[in-house]
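Everything below concerns the one structure shown next.
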Amino acid sequence: MKRSFLYIVLSCILFIATEACQEQPNVEEAETKEVKRSLNPNGDSELAILMREMYEEAERIKEQVKKGEQPEIKLDHGKILTAHATEPAKDNSKEFKDFAKMYLANLDQLQKANPENVEMVFQSLVESCMSCHQQLCPGPMVRIKKLRVANNQ
Ligand code: HEC
């Protein structure tokens with residue numbers, strides 16, 4: 001008699017415990033959805049995709065600069081100010097915007113460069129990629145370094 005009462009109490013506790021946990025999967029689901037919404041279907045952020053395009057463009061411009069050709073800017077680099085990053089804090093900070101504006105100013109200089117200074121202006125463009133990355137996203141720095149015209153390690 002005593003033992004079956006204990007079972008009833010125990011199963012009540014178990015029932016309450018599982019009930020209380022039921023909310024958890026829903027919370028997790030909501031969180032996953034939240035993260036997914038800021039990403040595009042392939043799972044990369046808008047900013048990450050833009051960065052890859054910027055990398056390819058810079059690689060192409062580097063070759064033009066080495067050949068003494070006028071750099072041709074094809075990409076809309078201004079999107080750097082509005083594209084969303086994987087971690088929202090990264091693209092929202094004042095620091096990010098300041099680095100982005102510095103980068104765009106360098107790009108503007110590159111468009112106005114002449115054959116005598118184009119290599120130097122391109123170099124400072126790469127350094128403006130580097131300064132933002134040093135502060136906010138050090139991972140790709142090894143790759144970005146390869147864009148340097150001079151002292152190419
Ligand atoms: C204003 C800051 C800033 C500037 C300037 C900047 N980056 Fe980035 N870059 C970032 C941030 C932040 C990320 C991370 C994006 C994310 O994960 O959503 C990133 C990501 C990258 C990535 C990795 C993309 C991937 O595949 O995930 C590469 C490569 C890259 N940047 C190259 C460059 C190059 C090349 C330049 C200059 C032509 C440059 N970046 C200029 C902030 C910057």
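Ligands are numbered from 1 in the order shown, chains are lettered A, B, ... in the order of the structure tokens, and residues start at 1 in each chain.
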Handout entry: Distance filter 6 Å around ligand 1, atoms: only C-alpha atoms and all ligand atoms, out as a PyMOL selection string
Key = chain A and resi 45+47-48+51-52+54-55+58+85-86+90+96+99-100+103+126+128-129+132-133+136-137+140+144
Handout entry: Residue with smallest distance to Glu87 (chain A) - pool A:Val142, A:Lys66, A:Glu46, A:Ala105, counting only C-alpha atoms
Key = A:Glu46
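The two atoms in question, CA of Arg148 (chain A) and CA of Lys97 (chain A), are spaced 23.3 Å apart.
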Selection: 10 Å around Asp76 (chain A), only C-alpha atoms, excl. self and same-chain fewer than 2 positions, as a PDB file with all heavy atoms, in the first residue's frame:
ATOM      1  N   LEU A  50      29.533  39.306 -49.712  1.00  0.00           N
ATOM      2  CA  LEU A  50      30.101  40.543 -50.265  1.00  0.00           C
ATOM      3  C   LEU A  50      31.628  40.541 -50.116  1.00  0.00           C
ATOM      4  O   LEU A  50      32.358  40.890 -51.041  1.00  0.00           O
ATOM      5  CB  LEU A  50      29.497  41.769 -49.555  1.00  0.00           C
ATOM      6  CG  LEU A  50      30.079  43.128 -49.947  1.00  0.00           C
ATOM      7  CD1 LEU A  50      29.720  43.475 -51.396  1.00  0.00           C
ATOM      8  CD2 LEU A  50      29.591  44.237 -49.027  1.00  0.00           C
ATOM      9  N   GLU A  53      33.322  38.508 -52.674  1.00  0.00           N
ATOM     10  CA  GLU A  53      33.345  39.223 -53.956  1.00  0.00           C
ATOM     11  C   GLU A  53      34.390  40.337 -53.928  1.00  0.00           C
ATOM     12  O   GLU A  53      35.086  40.574 -54.911  1.00  0.00           O
ATOM     13  CB  GLU A  53      31.953  39.807 -54.261  1.00  0.00           C
ATOM     14  CG  GLU A  53      30.927  38.740 -54.581  1.00  0.00           C
ATOM     15  CD  GLU A  53      29.496  39.281 -54.659  1.00  0.00           C
ATOM     16  OE1 GLU A  53      29.258  40.441 -54.246  1.00  0.00           O
ATOM     17  OE2 GLU A  53      28.620  38.541 -55.112  1.00  0.00           O
ATOM     18  N   MET A  54      34.501  40.985 -52.767  1.00  0.00           N
ATOM     19  CA  MET A  54      35.503  42.044 -52.624  1.00  0.00           C
ATOM     20  C   MET A  54      36.903  41.468 -52.748  1.00  0.00           C
ATOM     21  O   MET A  54      37.802  42.075 -53.315  1.00  0.00           O
ATOM     22  CB  MET A  54      35.350  42.741 -51.259  1.00  0.00           C
ATOM     23  CG  MET A  54      34.251  43.779 -51.222  1.00  0.00           C
ATOM     24  SD  MET A  54      33.755  44.222 -49.535  1.00  0.00           S
ATOM     25  CE  MET A  54      35.291  44.753 -48.809  1.00  0.00           C
ATOM     26  N   ILE A  73      36.788  49.032 -61.216  1.00  0.00           N
ATOM     27  CA  ILE A  73      35.953  48.641 -60.078  1.00  0.00           C
ATOM     28  C   ILE A  73      34.566  48.273 -60.588  1.00  0.00           C
ATOM     29  O   ILE A  73      33.877  49.086 -61.171  1.00  0.00           O
ATOM     30  CB  ILE A  73      35.910  49.759 -59.018  1.00  0.00           C
ATOM     31  CG1 ILE A  73      37.322  49.917 -58.436  1.00  0.00           C
ATOM     32  CG2 ILE A  73      34.923  49.442 -57.908  1.00  0.00           C
ATOM     33  CD1 ILE A  73      37.600  51.253 -57.851  1.00  0.00           C
ATOM     34  N   LYS A  74      34.202  47.012 -60.380  1.00  0.00           N
ATOM     35  CA  LYS A  74      32.938  46.515 -60.930  1.00  0.00           C
ATOM     36  C   LYS A  74      31.875  46.332 -59.852  1.00  0.00           C
ATOM     37  O   LYS A  74      30.695  46.379 -60.123  1.00  0.00           O
ATOM     38  CB  LYS A  74      33.169  45.160 -61.623  1.00  0.00           C
ATOM     39  CG  LYS A  74      34.046  45.253 -62.856  1.00  0.00           C
ATOM     40  CD  LYS A  74      34.191  43.883 -63.490  1.00  0.00           C
ATOM     41  CE  LYS A  74      34.977  43.948 -64.788  1.00  0.00           C
ATOM     42  NZ  LYS A  74      35.314  42.605 -65.264  1.00  0.00           N
ATOM     43  N   GLY A  78      29.786  49.940 -51.829  1.00  0.00           N
ATOM     44  CA  GLY A  78      28.993  50.706 -50.859  1.00  0.00           C
ATOM     45  C   GLY A  78      28.080  49.810 -50.020  1.00  0.00           C
ATOM     46  O   GLY A  78      27.684  50.183 -48.912  1.00  0.00           O
ATOM     47  N   LYS A  79      27.798  48.608 -50.530  1.00  0.00           N
ATOM     48  CA  LYS A  79      26.926  47.666 -49.798  1.00  0.00           C
ATOM     49  C   LYS A  79      27.521  47.268 -48.451  1.00  0.00           C
ATOM     50  O   LYS A  79      26.822  46.766 -47.585  1.00  0.00           O
ATOM     51  CB  LYS A  79      26.689  46.409 -50.640  1.00  0.00           C
ATOM     52  CG  LYS A  79      25.653  46.591 -51.730  1.00  0.00           C
ATOM     53  CD  LYS A  79      25.138  45.251 -52.232  1.00  0.00           C
ATOM     54  CE  LYS A  79      26.112  44.603 -53.167  1.00  0.00           C
ATOM     55  NZ  LYS A  79      25.631  43.436 -53.881  1.00  0.00           N
ATOM     56  N   ILE A  80      28.817  47.502 -48.291  1.00  0.00           N
ATOM     57  CA  ILE A  80      29.473  47.165 -47.025  1.00  0.00           C
ATOM     58  C   ILE A  80      28.803  47.896 -45.846  1.00  0.00           C
ATOM     59  O   ILE A  80      28.786  47.390 -44.734  1.00  0.00           O
ATOM     60  CB  ILE A  80      31.001  47.474 -47.091  1.00  0.00           C
ATOM     61  CG1 ILE A  80      31.735  46.869 -45.889  1.00  0.00           C
ATOM     62  CG2 ILE A  80      31.285  48.961 -47.189  1.00  0.00           C
ATOM     63  CD1 ILE A  80      33.245  47.023 -45.940  1.00  0.00           C
TER      64      ILE A  80
END
